[in-house]
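Engineer: Sharing start.txt below, compact mmCIF, C-alpha atoms:
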```txt
# COMPACT_ATOMS: atom_id res chain seq x y z
CA MET A 126 10.15 51.39 41.57
CA VAL A 127 8.00 48.26 41.49
CA LYS A 128 5.06 50.36 40.40
CA ILE A 129 7.09 51.89 37.55
CA MET A 130 8.25 48.46 36.43
CA LYS A 131 4.67 47.21 36.53
CA PHE A 132 3.50 50.20 34.52
CA LEU A 133 6.21 49.66 31.89
CA ALA A 134 5.41 45.95 31.67
CA TYR A 135 1.69 46.64 31.19
CA THR A 136 2.49 49.33 28.58
CA LEU A 137 4.75 46.96 26.69
CA PHE A 138 2.09 44.26 26.80
CA PHE A 139 -0.53 46.70 25.54
CA ILE A 140 1.69 47.89 22.67
CA LEU A 141 2.55 44.35 21.61
CA ALA A 142 -1.14 43.41 21.77
CA LEU A 143 -1.94 46.44 19.68
CA ILE A 144 0.69 45.48 17.08
CA ALA A 145 -0.57 41.89 17.03
CA PHE A 146 -4.17 42.98 16.47
CA LEU A 147 -3.35 45.71 13.94
CA PRO A 148 -5.25 45.22 10.66
CA LYS A 149 -1.98 45.00 8.70
CA GLU A 150 -3.59 44.14 5.41
CA ASN A 151 -5.82 47.22 5.63
CA LEU A 152 -2.87 49.38 6.62
CA PHE A 153 -1.12 48.09 3.50
CA PHE A 154 -4.20 49.08 1.46
CA LEU A 155 -3.91 52.55 3.01
CA LEU A 156 -0.26 52.68 1.96
CA GLU A 157 -1.29 51.62 -1.56
CA LYS A 158 -3.93 54.36 -1.61
CA GLU A 159 -1.35 56.98 -0.65
CA LEU A 160 1.12 55.64 -3.23
CA ALA A 161 -1.60 55.69 -5.89
CA LYS A 162 -1.79 59.47 -5.44
CA GLN A 163 1.84 59.55 -6.62
CA GLU A 164 0.86 57.16 -9.46
CA VAL A 165 2.77 54.30 -7.86
CA PHE A 166 0.76 51.09 -8.00
CA ILE A 167 1.45 47.73 -6.41
CA SER A 168 -0.51 45.05 -8.22
CA ASN A 169 -1.07 41.33 -8.35
CA GLU A 170 0.29 40.86 -4.81
CA VAL A 171 -0.60 37.99 -2.49
CA ILE A 172 -0.68 39.09 1.16
CA ALA A 173 -0.26 36.88 4.22
CA THR A 174 -0.27 38.30 7.73
CA ALA A 175 1.01 37.06 11.10
CA PRO A 176 0.82 38.75 14.54
CA PHE A 177 4.06 40.66 14.14
CA SER A 178 4.81 40.39 10.45
CA MET A 179 3.37 40.50 6.98
CA GLN A 180 4.45 38.84 3.76
CA ILE A 181 3.73 40.03 0.22
CA GLU A 182 4.46 37.81 -2.75
CA ASP A 183 4.71 38.46 -6.49
CA ALA A 184 4.06 42.18 -6.44
CA PHE A 185 4.30 44.23 -9.62
CA VAL A 186 5.23 47.84 -9.04
CA SER A 187 4.40 50.41 -11.65
CA TYR A 188 5.03 54.13 -11.76
CA LYS A 189 2.87 56.39 -13.90
CA GLY A 190 1.50 53.32 -15.63
CA ILE A 191 4.92 51.99 -16.55
CA GLU A 192 5.86 48.66 -15.07
CA ALA A 193 8.95 49.29 -13.01
CA ALA A 194 9.68 46.13 -11.03
CA LYS A 195 8.52 42.69 -10.02
CA ILE A 196 9.21 41.79 -6.39
CA GLU A 197 9.04 38.09 -5.65
CA LYS A 198 8.88 38.32 -1.87
CA THR A 199 8.53 41.13 0.65
CA GLU A 200 8.60 40.55 4.40
CA LEU A 201 7.64 43.24 6.87
CA LEU A 202 8.44 42.84 10.53
CA PHE A 203 6.90 45.15 13.16
CA LEU A 204 8.27 44.96 16.66
CA LEU A 205 7.98 48.60 17.63
CA PHE A 206 11.60 48.80 18.77
CA TYR A 207 12.88 47.21 15.61
CA ASN A 208 11.07 47.31 12.26
CA GLU A 209 12.33 45.73 9.10
CA ILE A 210 11.30 45.39 5.47
CA VAL A 211 13.07 42.74 3.42
CA LEU A 212 12.55 42.61 -0.34
CA ASN A 213 13.86 39.57 -2.18
CA ASN A 214 14.42 38.84 -5.87
CA ILE A 215 13.48 42.10 -7.52
CA GLU A 216 13.48 42.25 -11.27
CA LEU A 217 13.48 45.69 -12.76
CA VAL A 218 11.56 45.85 -15.98
CA SER A 219 10.78 48.28 -18.76
CA LEU A 220 13.01 51.27 -19.30
CA VAL A 221 14.81 50.96 -15.99
CA ARG A 222 16.96 48.29 -17.63
CA ASN A 223 18.53 50.94 -19.81
CA TYR A 224 19.96 52.64 -16.77
CA TRP A 225 20.51 49.94 -14.18
CA PRO A 226 21.11 46.14 -14.12
CA SER A 227 17.75 44.44 -13.87
CA LYS A 228 18.30 41.85 -11.12
CA VAL A 229 18.31 42.95 -7.49
CA GLU A 230 18.92 40.10 -5.08
CA SER A 231 17.73 41.76 -1.89
CA VAL A 232 16.92 45.06 -0.25
CA VAL A 233 16.73 45.33 3.53
CA ILE A 234 15.30 48.47 5.11
CA HIS A 235 15.42 48.69 8.88
CA TYR A 236 14.58 51.12 11.60
CA SER A 237 15.48 50.75 15.24
CA VAL A 238 14.68 52.92 18.24
CA VAL A 239 18.32 52.53 19.25
CA ASN A 240 19.12 54.79 16.34
CA PRO A 241 15.88 56.75 15.98
CA LEU A 242 17.05 59.37 13.50
CA LYS A 243 18.25 56.99 10.80
CA ILE A 244 16.55 54.58 8.43
CA LYS A 245 19.15 52.21 7.05
CA THR A 246 19.02 50.27 3.82
CA GLU A 247 21.29 47.59 2.39
CA ALA A 248 20.90 46.19 -1.09
CA LYS A 249 22.80 43.81 -3.30
CA GLY A 250 22.36 42.55 -6.80
CA GLU A 251 23.87 42.61 -10.27
CA PHE A 252 24.78 46.24 -9.69
CA GLY A 253 27.01 45.42 -6.71
CA GLU A 254 26.23 46.52 -3.17
CA ILE A 255 24.56 49.58 -1.74
CA GLU A 256 24.42 50.96 1.77
CA ALA A 257 22.01 53.83 2.14
CA GLN A 258 20.88 55.96 5.03
CA TYR A 259 17.98 58.33 5.33
CA LEU A 260 18.81 60.91 7.97
CA LEU A 261 15.49 62.00 9.43
CA SER A 262 16.99 64.95 11.29
CA GLU A 263 18.50 66.45 8.14
CA SER A 264 15.98 64.99 5.68
CA LYS A 265 18.90 63.77 3.62
CA VAL A 266 19.69 60.61 1.70
CA ARG A 267 23.21 59.22 1.54
CA VAL A 268 23.95 56.28 -0.73
CA VAL A 269 27.27 54.44 -0.86
CA LEU A 270 27.66 52.15 -3.86
CA LYS A 271 30.23 49.41 -4.35
CA PRO A 272 29.72 48.85 -8.08
CA SER A 273 29.99 45.47 -9.77
CA LYS A 274 32.03 44.92 -12.92
CA LEU A 275 28.78 44.86 -14.89
CA LEU A 276 27.77 48.28 -13.61
CA LEU A 277 31.21 49.68 -14.28
CA SER A 278 31.38 48.31 -17.80
CA ARG A 279 27.84 48.75 -19.12
CA TYR A 280 26.19 51.43 -17.03
CA ARG A 281 28.87 54.06 -16.71
CA ARG A 282 26.39 56.75 -17.70
CA THR A 283 24.38 56.11 -14.55
CA LEU A 284 27.50 56.41 -12.42
CA ARG A 285 27.79 60.03 -13.51
CA TYR A 286 25.20 60.83 -10.85
CA PHE A 287 27.53 59.49 -8.17
CA LYS A 288 30.76 60.95 -6.85
CA LYS A 289 33.72 58.61 -6.94
CA LEU A 290 35.70 58.12 -3.74
CA GLN A 291 39.36 57.14 -3.52
CA THR A 292 38.33 53.77 -2.07
CA GLY A 293 36.66 52.88 -5.37
CA GLU A 294 33.20 53.38 -3.88
CA TYR A 295 30.68 55.81 -5.28
CA ILE A 296 28.62 58.17 -3.18
CA TYR A 297 25.36 60.00 -3.79
CA GLU A 298 23.90 62.53 -1.41
CA LYS A 299 20.73 64.51 -1.74
CA ALA A 300 18.66 66.64 0.59
CA LEU A 301 14.98 65.87 0.21
CA MET B 101 -1.60 34.16 52.47
CA LYS B 102 -2.45 31.79 49.65
CA LYS B 103 -5.74 33.54 49.12
CA LEU B 104 -3.97 36.89 48.84
CA SER B 105 -1.59 35.50 46.19
CA ASN B 106 -4.50 34.18 44.13
CA ASN B 107 -6.15 37.56 44.35
CA ASN B 108 -3.02 39.25 43.01
CA LEU B 109 -2.78 36.79 40.14
CA LEU B 110 -6.43 37.34 39.33
CA LYS B 111 -5.87 41.09 39.33
CA VAL B 112 -2.96 40.75 36.91
CA VAL B 113 -4.95 38.47 34.60
CA ILE B 114 -7.92 40.84 34.64
CA ARG B 115 -5.66 43.79 33.84
CA LEU B 116 -4.03 41.91 30.99
CA LEU B 117 -7.40 40.85 29.62
CA PHE B 118 -8.60 44.44 29.86
CA LEU B 119 -5.52 45.62 27.96
CA LEU B 120 -6.09 42.96 25.33
CA PHE B 121 -9.71 44.04 25.01
CA LEU B 122 -8.67 47.70 24.77
CA ALA B 123 -6.07 46.90 22.09
CA LYS B 124 -8.62 44.90 20.11
CA LEU B 125 -11.21 47.65 20.47
CA ILE B 126 -8.75 50.24 19.11
CA THR B 127 -7.86 48.05 16.12
CA VAL B 128 -11.55 47.41 15.37
CA VAL B 129 -12.17 51.16 15.38
CA MET B 130 -9.11 51.59 13.11
CA LEU B 131 -10.50 48.98 10.76
CA TRP B 132 -13.60 51.10 10.37
CA PHE B 133 -11.52 53.95 8.91
CA LEU B 134 -9.04 51.96 6.84
CA PRO B 135 -9.62 51.01 3.20
CA SER B 136 -10.79 47.44 2.71
CA GLN B 137 -9.73 47.05 -0.89
CA THR B 138 -6.44 47.07 -2.70
CA GLU B 139 -5.60 49.81 -5.20
CA GLU B 140 -5.02 48.10 -8.52
CA TYR B 141 -3.74 49.75 -11.62
CA SER B 142 -6.90 49.99 -13.63
CA GLU B 143 -5.70 50.59 -17.15
CA SER B 144 -7.51 48.12 -19.32
CA ASN B 145 -4.53 47.33 -21.48
CA SER B 146 -1.51 47.31 -19.29
CA ARG B 147 0.35 44.85 -21.47
CA VAL B 148 -1.31 44.44 -24.85
CA LEU B 149 -1.60 47.37 -27.15
CA PRO B 150 -5.24 47.94 -28.02
CA TYR B 151 -4.79 48.66 -31.68
CA GLU B 152 -7.87 50.52 -32.69
CA ASN B 153 -7.52 51.15 -36.35
CA LEU B 154 -4.40 49.30 -37.22
CA ASN B 155 -3.82 45.61 -37.21
CA PHE B 156 -0.15 45.39 -38.01
CA ASN B 157 -0.15 41.63 -38.35
CA LYS B 158 -2.86 41.89 -40.92
CA MET B 159 -1.44 44.93 -42.61
CA LEU B 160 2.20 44.19 -42.83
CA THR B 161 2.47 40.44 -42.98
CA PRO B 162 1.06 38.75 -46.01
CA PRO B 163 -0.81 35.64 -44.85
CA SER B 164 0.94 33.58 -47.46
CA ARG B 165 3.07 34.48 -50.42
CA LYS B 166 1.08 32.16 -52.63
CA LYS B 167 -2.06 34.13 -52.02
CA VAL B 168 -0.58 37.41 -53.22
CA THR B 169 -2.19 38.30 -56.45
CA VAL B 170 -2.37 41.51 -58.38
CA VAL B 171 -5.65 43.31 -58.01
CA LYS B 172 -7.33 43.81 -61.29
CA ALA B 173 -7.79 47.43 -62.06
CA THR B 174 -11.55 47.57 -62.41
CA PRO B 175 -13.59 44.63 -61.29
CA LYS B 176 -17.00 44.12 -62.74
CA LYS B 177 -20.06 45.63 -61.12
CA THR B 178 -18.12 48.25 -59.26
CA GLU B 179 -18.98 51.81 -58.46
CA SER B 180 -16.96 54.73 -57.29
CA ILE B 181 -17.33 56.27 -53.87
CA HIS B 182 -17.85 60.00 -54.11
CA ASN B 183 -18.29 61.01 -50.50
CA MET B 184 -14.83 59.84 -49.43
CA ILE B 185 -11.27 60.89 -50.13
CA LEU B 186 -8.34 58.49 -50.33
CA HIS B 187 -5.34 60.12 -48.71
CA GLY B 188 -2.98 57.17 -48.80
CA LEU B 189 -2.56 53.44 -48.86
CA TYR B 190 -0.09 50.78 -47.93
CA GLY B 191 0.05 47.08 -48.68
CA ASN B 192 -0.87 44.70 -51.38
CA ASN B 193 -4.20 43.08 -52.14
CA SER B 194 -5.44 41.41 -48.96
CA TYR B 195 -3.20 43.11 -46.42
CA GLY B 196 -2.39 46.71 -45.68
CA TYR B 197 -4.33 49.80 -44.83
CA ALA B 198 -5.89 52.87 -46.35
CA ILE B 199 -6.02 56.40 -45.03
CA VAL B 200 -9.39 57.86 -45.78
CA ALA B 201 -11.57 60.79 -44.85
CA THR B 202 -15.03 61.95 -45.65
CA ARG B 203 -15.42 64.77 -48.15
CA SER B 204 -17.27 66.80 -45.54
CA ARG B 205 -14.33 66.57 -43.11
CA PRO B 206 -11.28 66.00 -45.31
CA ASN B 207 -8.79 66.69 -42.53
CA LYS B 208 -10.21 64.08 -40.18
CA THR B 209 -8.45 61.04 -41.54
CA GLU B 210 -8.85 57.48 -40.36
CA ILE B 211 -6.61 54.52 -40.94
CA ILE B 212 -8.55 51.45 -42.00
CA SER B 213 -6.88 48.08 -42.35
CA VAL B 214 -8.14 45.39 -44.70
CA GLY B 215 -11.25 43.79 -43.23
CA GLU B 216 -12.25 46.83 -41.18
CA ARG B 217 -15.31 48.98 -41.79
CA TYR B 218 -15.55 52.70 -42.38
CA LYS B 219 -18.89 54.48 -42.77
CA GLY B 220 -20.56 51.18 -43.53
CA TYR B 221 -18.02 50.16 -46.19
CA LYS B 222 -15.73 47.22 -45.60
CA LEU B 223 -12.18 47.53 -46.92
CA GLU B 224 -11.53 44.47 -49.11
CA LYS B 225 -8.44 45.07 -51.20
CA ILE B 226 -5.51 47.39 -51.66
CA ALA B 227 -4.35 48.11 -55.19
CA LEU B 228 -1.59 50.29 -56.56
CA ASN B 229 -3.59 53.49 -56.78
CA HIS B 230 -6.98 52.65 -55.37
CA VAL B 231 -8.69 50.60 -52.68
CA VAL B 232 -11.76 48.40 -52.97
CA PHE B 233 -14.58 48.54 -50.46
CA THR B 234 -17.70 46.37 -50.32
CA LYS B 235 -21.13 47.21 -49.07
CA ASN B 236 -24.23 45.03 -49.43
CA HIS B 237 -22.33 42.57 -51.66
CA LYS B 238 -21.37 45.34 -54.03
CA GLU B 239 -17.85 46.54 -54.75
CA TYR B 240 -16.87 50.18 -54.54
CA ILE B 241 -13.62 51.70 -55.71
CA LEU B 242 -12.00 54.64 -54.02
CA GLU B 243 -9.19 56.23 -56.01
CA PHE B 244 -6.75 59.01 -55.35
CA GLU B 245 -8.15 62.33 -56.42
CA LYS B 246 -6.94 63.19 -59.88
CA THR B 247 -6.06 66.74 -58.97
CA LYS B 248 -3.48 65.45 -56.51
CA LYS B 249 -2.06 63.18 -59.17
CA ALA B 250 -1.10 60.74 -56.42
CA LYS B 251 2.52 61.41 -57.06
CA GLY B 252 3.46 59.61 -53.88
CA VAL B 253 2.22 56.26 -55.12
CA ILE B 254 5.13 53.98 -54.57
CA SER B 255 5.50 50.50 -53.26
CA HIS B 256 5.95 51.65 -49.69
CA VAL B 257 4.21 54.39 -47.82
CA VAL B 258 2.21 56.45 -50.22
CA TYR B 259 0.50 58.64 -47.70
CA LYS B 260 1.88 62.10 -47.79
CA GLU B 261 0.35 64.53 -45.44
CA GLN B 262 -0.53 67.77 -47.16
CA SER B 263 1.20 69.96 -44.64
CA ALA B 264 3.95 67.61 -43.62
CA PRO B 265 7.18 69.54 -43.35
CA GLN B 266 9.07 67.08 -45.42
CA GLY B 267 8.11 64.37 -47.84
CA ASN B 268 10.59 61.81 -46.64
CA MET B 269 8.95 59.98 -43.76
CA ARG B 270 11.17 56.96 -43.83
CA VAL B 271 13.09 56.08 -40.72
CA SER B 272 16.15 53.93 -40.71
CA ARG B 273 16.22 51.04 -38.26
CA ASN B 274 19.84 51.98 -37.54
CA GLU B 275 18.63 55.32 -36.23
CA ILE B 276 16.29 53.53 -33.86
CA LYS B 277 19.10 51.24 -32.77
CA TYR B 278 21.26 54.31 -32.17
CA TYR B 279 18.69 55.66 -29.70
CA GLU B 280 18.27 52.21 -28.18
CA ARG B 281 21.98 52.06 -27.45
CA ASN B 282 22.00 55.64 -26.17
CA PRO B 283 18.69 56.14 -24.37
CA SER B 284 19.92 59.28 -22.65
CA GLN B 285 20.47 60.81 -26.11
CA ILE B 286 16.69 60.74 -26.68
CA TRP B 287 16.15 63.17 -23.83
CA ARG B 288 18.94 65.38 -25.11
CA ASP B 289 17.36 65.55 -28.54
CA ILE B 290 13.74 65.85 -27.51
CA SER B 291 11.89 66.96 -24.43
CA ILE B 292 8.34 65.72 -23.98
CA ASP B 293 5.90 66.56 -21.24
CA GLU B 294 2.50 65.14 -20.39
CA ILE B 295 -0.62 67.21 -21.02
CA ARG B 296 -3.42 66.64 -18.58
CA ASN B 297 -7.08 67.43 -18.54
CA GLY B 298 -7.83 67.20 -14.84
CA ASN B 299 -6.29 63.93 -13.74
CA LYS B 300 -6.35 62.37 -17.18
CA ILE B 301 -3.44 62.43 -19.59
CA VAL B 302 -4.62 63.65 -22.99
CA GLY B 303 -1.33 63.62 -24.86
CA PHE B 304 2.37 64.34 -24.77
CA LYS B 305 3.65 67.77 -25.75
CA VAL B 306 6.94 68.28 -27.54
CA LYS B 307 8.63 70.94 -25.44
CA LYS B 308 11.94 71.03 -27.27
CA ILE B 309 13.67 69.44 -30.25
CA ARG B 310 17.41 69.84 -30.62
CA LYS B 311 18.34 71.30 -33.98
CA ASN B 312 20.28 69.05 -36.34
CA SER B 313 19.41 65.98 -34.29
CA LYS B 314 18.02 62.82 -35.88
CA ILE B 315 14.66 63.47 -34.22
CA ALA B 316 14.52 66.94 -35.77
CA THR B 317 14.25 65.34 -39.21
CA LEU B 318 11.05 63.48 -38.36
CA GLY B 319 8.61 66.29 -38.91
CA LEU B 320 7.70 66.90 -35.30
CA GLN B 321 7.74 70.49 -34.13
CA ARG B 322 7.98 72.22 -30.80
CA GLY B 323 4.47 72.59 -29.38
CA ASP B 324 3.05 69.51 -31.13
CA ILE B 325 0.90 67.36 -28.90
CA ILE B 326 1.13 63.65 -29.72
CA VAL B 327 -2.27 62.16 -29.02
CA LYS B 328 -2.17 58.81 -30.78
CA ALA B 329 0.45 56.34 -31.92
CA ASN B 330 -0.47 53.45 -34.16
CA GLY B 331 -4.12 54.05 -33.39
CA VAL B 332 -3.54 53.89 -29.64
CA THR B 333 -4.73 56.91 -27.69
CA LEU B 334 -1.82 57.99 -25.54
CA ASP B 335 -3.61 58.56 -22.26
CA SER B 336 -0.98 56.96 -20.05
CA TYR B 337 2.78 56.62 -19.84
CA ASN B 338 2.37 52.87 -20.12
CA LYS B 339 0.82 53.13 -23.58
CA ALA B 340 3.51 55.52 -24.75
CA PHE B 341 6.31 53.34 -23.47
CA ASN B 342 4.76 50.15 -24.81
CA ILE B 343 5.04 51.69 -28.27
CA TYR B 344 8.57 52.85 -27.49
CA LYS B 345 9.57 49.36 -26.27
CA ASP B 346 8.26 47.66 -29.39
CA ILE B 347 9.32 50.26 -31.92
CA ASN B 348 12.15 48.12 -33.22
CA LYS B 349 9.65 45.40 -34.11
CA LEU B 350 7.34 47.72 -36.03
CA GLU B 351 7.42 48.17 -39.77
CA SER B 352 5.62 51.47 -39.68
CA LEU B 353 4.48 54.02 -37.16
CA SER B 354 1.69 56.53 -37.33
CA LEU B 355 1.45 59.52 -35.03
CA VAL B 356 -1.61 61.70 -34.66
CA ILE B 357 -0.55 65.11 -33.45
CA LYS B 358 -2.32 68.32 -32.58
CA ARG B 359 -0.55 71.32 -34.06
CA GLY B 360 -2.33 74.52 -33.13
CA ASN B 361 -5.99 73.89 -33.84
CA GLU B 362 -5.31 71.26 -36.46
CA GLU B 363 -4.99 67.54 -36.07
CA LYS B 364 -2.35 66.01 -38.31
CA GLU B 365 -1.12 62.55 -38.98
CA LEU B 366 2.50 61.59 -39.54
CA ILE B 367 3.34 58.18 -40.88
CA TYR B 368 6.80 56.68 -40.88
CA GLU B 369 8.04 53.62 -42.62
CA ILE B 370 10.75 51.91 -40.60
CA HIS B 371 13.15 50.08 -42.88
```
What would the structure in this file look like if it were written as structure tokens?

Structural biologist:
Amino acid sequence: MVKIMKFLAYTLFFILALIAFLPKENLFFLLEKELAKQEVFISNEVIATAPFSMQIEDAFVSYKGIEAAKIEKTELLFLLFYNEIVLNNIELVSLVRNYWPSKVESVVIHYSVVNPLKIKTEAKGEFGEIEAQYLLSESKVRVVLKPSKLLLSRYRRTLRYFKKLQTGEYIYEKAL
Amino acid sequence: MKKLSNNNLLKVVIRLLFLLFLAKLITVVMLWFLPSQTEEYSESNSRVLPYENLNFNKMLTPPSRKKVTVVKATPKKTESIHNMILHGLYGNNSYGYAIVATRSRPNKTEIISVGERYKGYKLEKIALNHVVFTKNHKEYILEFEKTKKAKGVISHVVYKEQSAPQGNMRVSRNEIKYYERNPSQIWRDISIDEIRNGNKIVGFKVKKIRKNSKIATLGLQRGDIIVKANGVTLDSYNKAFNIYKDINKLESLSLVIKRGNEEKELIYEIH
């Protein structure tokens, strides 16, 4: 038993050391390279790294050459058992504004080994509030939207893609 | 007993140091394979439209009303240009543009704004039915061909493409506002898809135009490939959408399209 405990402790120490030493900036460059293949570009960002986290400031995101969003602050936390990405103050630009309110206050994406088959996301902004889940086992996205008055009054066309529930919430599900 | 305890502690420290070393070694090896540079969007003009032939400020905004004077019909010491064809013109005196082509390639038109050069000639002035070029301090007049009678010469857009499906190329600003208010209507009325040559976008193909829609009256046809807008080569979505975003601020819009094997130019006055 003591030996097993020792082994687990050493393993945990090794994994944490590995996470601390990880070249996070270069891993982010790898992510950018992969995204670039899908014509998604993250530009102008300022990156700061710490042993278990990374911070990206003032990133412009463009898709197929069209500016899509400006993200003021992104924080990534890697703790193996719990990983989190927090995006703050997102401003959607360009044509997106025609379909969705432009200011997004925050988006929090988290993954925990306690619930290994789900990636959860919460977002709030001018549009209202969103709770989304990506079910890894079914490869399915489920989005529950609590729309704001602004979304209900000016962006009703977009809501057509959602299914209205009796609670007043809107739901969107898609298998990927 | 004390010695034994110290030995155990030393063992633990050595193991931890070894694990740290191993972790560092793995990350150094990883670093070797990971990219060291960020991927930046490399389009040279992500924000500012690189107007190539057209300078709308110069063309459409008179520098000062006081300076507007009528161009005298035939200045002294002028000659005619015989190796060029004047297809159209817009503007007045020191602002505006001319649509010209060489006689050897009459279908390959170019839009030249006042102050720009074409085949060594500098466009100086726009008159009612001719334009004035200079070359080596000498003035040259280029007039509409008499056979065409220049029947389109009016105070607005006078360019009339020979094979344009309809003569009226004027677009109401209200129509643009209509599409601005109903962006989803655009994609109901027209379907456009990118055309690629390898990885590079070479234009946008009109896949469908809804009959009786406002867009259907603009002269575009199914199968047309839009390659340029206002002199900007449409080789990215960004360039196309920059034009789209600013369309309400424009006074006129020119589209270069490929229809079959021909390259055509459509010009719209937005009023």

Engineer: Return the neighbours of chain A among the residues of chain B, cut-off 7 Å, counting all atoms listed in the file, as a PyMOL selection string.

Structural biologist: chain B and resi 119-120+123-124+127+131+134-141+283+336-338

Engineer: Could you tell me how far CA of Lys249 in chain A lies from CA of Val233 in chain A, in Å and to one decimal?

Structural biologist: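 These two atoms are separated by 9.3 Å.
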
Engineer: May I have the residues within 10 Å of range 263-270 of chain A as a list of chain:residue names, using only C-alpha atoms and disregarding those fewer than 5 positions away in the same chain?

Structural biologist: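 Non-adjacent residues within range: A:Leu242, A:Lys243, A:Ile244, A:Lys245, A:Thr246, A:Glu247, A:Ala248, A:Lys249, A:Phe252, A:Gly253, A:Glu254, A:Ile255, A:Glu256, A:Ala257, A:Gln258, A:Leu284, A:Phe287, A:Lys288, A:Lys289, A:Leu290, A:Gly293, A:Glu294, A:Tyr295, A:Ile296, A:Tyr297, A:Glu298, A:Lys299, A:Ala300, A:Leu301.
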
Engineer: For the residues selected in the previous step, produce a file with C-alpha atoms as a compact mmCIF listing (two decimals), in the frame of the given file.

Structural biologist:
```txt
# COMPACT_ATOMS: atom_id res chain seq x y z
CA LEU A 242 17.05 59.37 13.50
CA LYS A 243 18.25 56.99 10.80
CA ILE A 244 16.55 54.58 8.43
CA LYS A 245 19.15 52.21 7.05
CA THR A 246 19.02 50.27 3.82
CA GLU A 247 21.29 47.59 2.39
CA ALA A 248 20.90 46.19 -1.09
CA LYS A 249 22.80 43.81 -3.30
CA PHE A 252 24.78 46.24 -9.69
CA GLY A 253 27.01 45.42 -6.71
CA GLU A 254 26.23 46.52 -3.17
CA ILE A 255 24.56 49.58 -1.74
CA GLU A 256 24.42 50.96 1.77
CA ALA A 257 22.01 53.83 2.14
CA GLN A 258 20.88 55.96 5.03
CA LEU A 284 27.50 56.41 -12.42
CA PHE A 287 27.53 59.49 -8.17
CA LYS A 288 30.76 60.95 -6.85
CA LYS A 289 33.72 58.61 -6.94
CA LEU A 290 35.70 58.12 -3.74
CA GLY A 293 36.66 52.88 -5.37
CA GLU A 294 33.20 53.38 -3.88
CA TYR A 295 30.68 55.81 -5.28
CA ILE A 296 28.62 58.17 -3.18
CA TYR A 297 25.36 60.00 -3.79
CA GLU A 298 23.90 62.53 -1.41
CA LYS A 299 20.73 64.51 -1.74
CA ALA A 300 18.66 66.64 0.59
CA LEU A 301 14.98 65.87 0.21
```

Engineer: So how far away is CA of Pro272 in chain A from CA of Arg281 in chain B, in Å?

Structural biologist: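 These two atoms are separated by 21.1 Å.
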
Engineer: Tell me, as an MDAnalysis selection string, which residues lie within 8 Å of Phe203 in chain A, counting all atoms listed in the file; anything in the same chain fewer than 4 positions away does not count.

Structural biologist: chainID A and resid 144 177:178 207:209

Engineer: Please complete range 214-226 of chain B so it has N, CA and C atoms, and hand it over as a CSV table (one decimal), in the coordinates of the input.

Structural biologist:
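What landed in part39.csv:
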```csv
chain,number,residue,atom,x,y,z
B,214,VAL,N,-7.3,46.3,-43.9
B,214,VAL,CA,-8.1,45.4,-44.7
B,214,VAL,C,-9.0,44.6,-43.8
B,215,GLY,N,-10.3,44.5,-44.1
B,215,GLY,CA,-11.2,43.8,-43.2
B,215,GLY,C,-12.0,44.7,-42.3
B,216,GLU,N,-11.5,45.9,-42.1
B,216,GLU,CA,-12.2,46.8,-41.2
B,216,GLU,C,-13.3,47.7,-41.9
B,217,ARG,N,-14.2,48.2,-41.2
B,217,ARG,CA,-15.3,49.0,-41.8
B,217,ARG,C,-15.1,50.5,-41.6
B,218,TYR,N,-15.6,51.2,-42.5
B,218,TYR,CA,-15.6,52.7,-42.4
B,218,TYR,C,-16.8,53.2,-43.1
B,219,LYS,N,-17.6,53.9,-42.3
B,219,LYS,CA,-18.9,54.5,-42.8
B,219,LYS,C,-19.7,53.4,-43.5
B,220,GLY,N,-19.7,52.2,-43.0
B,220,GLY,CA,-20.6,51.2,-43.5
B,220,GLY,C,-19.9,50.4,-44.6
B,221,TYR,N,-18.7,50.9,-45.1
B,221,TYR,CA,-18.0,50.2,-46.2
B,221,TYR,C,-16.9,49.3,-45.6
B,222,LYS,N,-16.8,48.1,-46.1
B,222,LYS,CA,-15.7,47.2,-45.6
B,222,LYS,C,-14.6,47.2,-46.6
B,223,LEU,N,-13.4,47.5,-46.1
B,223,LEU,CA,-12.2,47.5,-46.9
B,223,LEU,C,-11.8,46.1,-47.3
B,224,GLU,N,-11.8,45.8,-48.6
B,224,GLU,CA,-11.5,44.5,-49.1
B,224,GLU,C,-10.1,44.3,-49.7
B,225,LYS,N,-9.7,45.3,-50.5
B,225,LYS,CA,-8.4,45.1,-51.2
B,225,LYS,C,-7.7,46.4,-51.3
B,226,ILE,N,-6.4,46.2,-51.4
B,226,ILE,CA,-5.5,47.4,-51.7
B,226,ILE,C,-4.9,47.2,-53.0
```
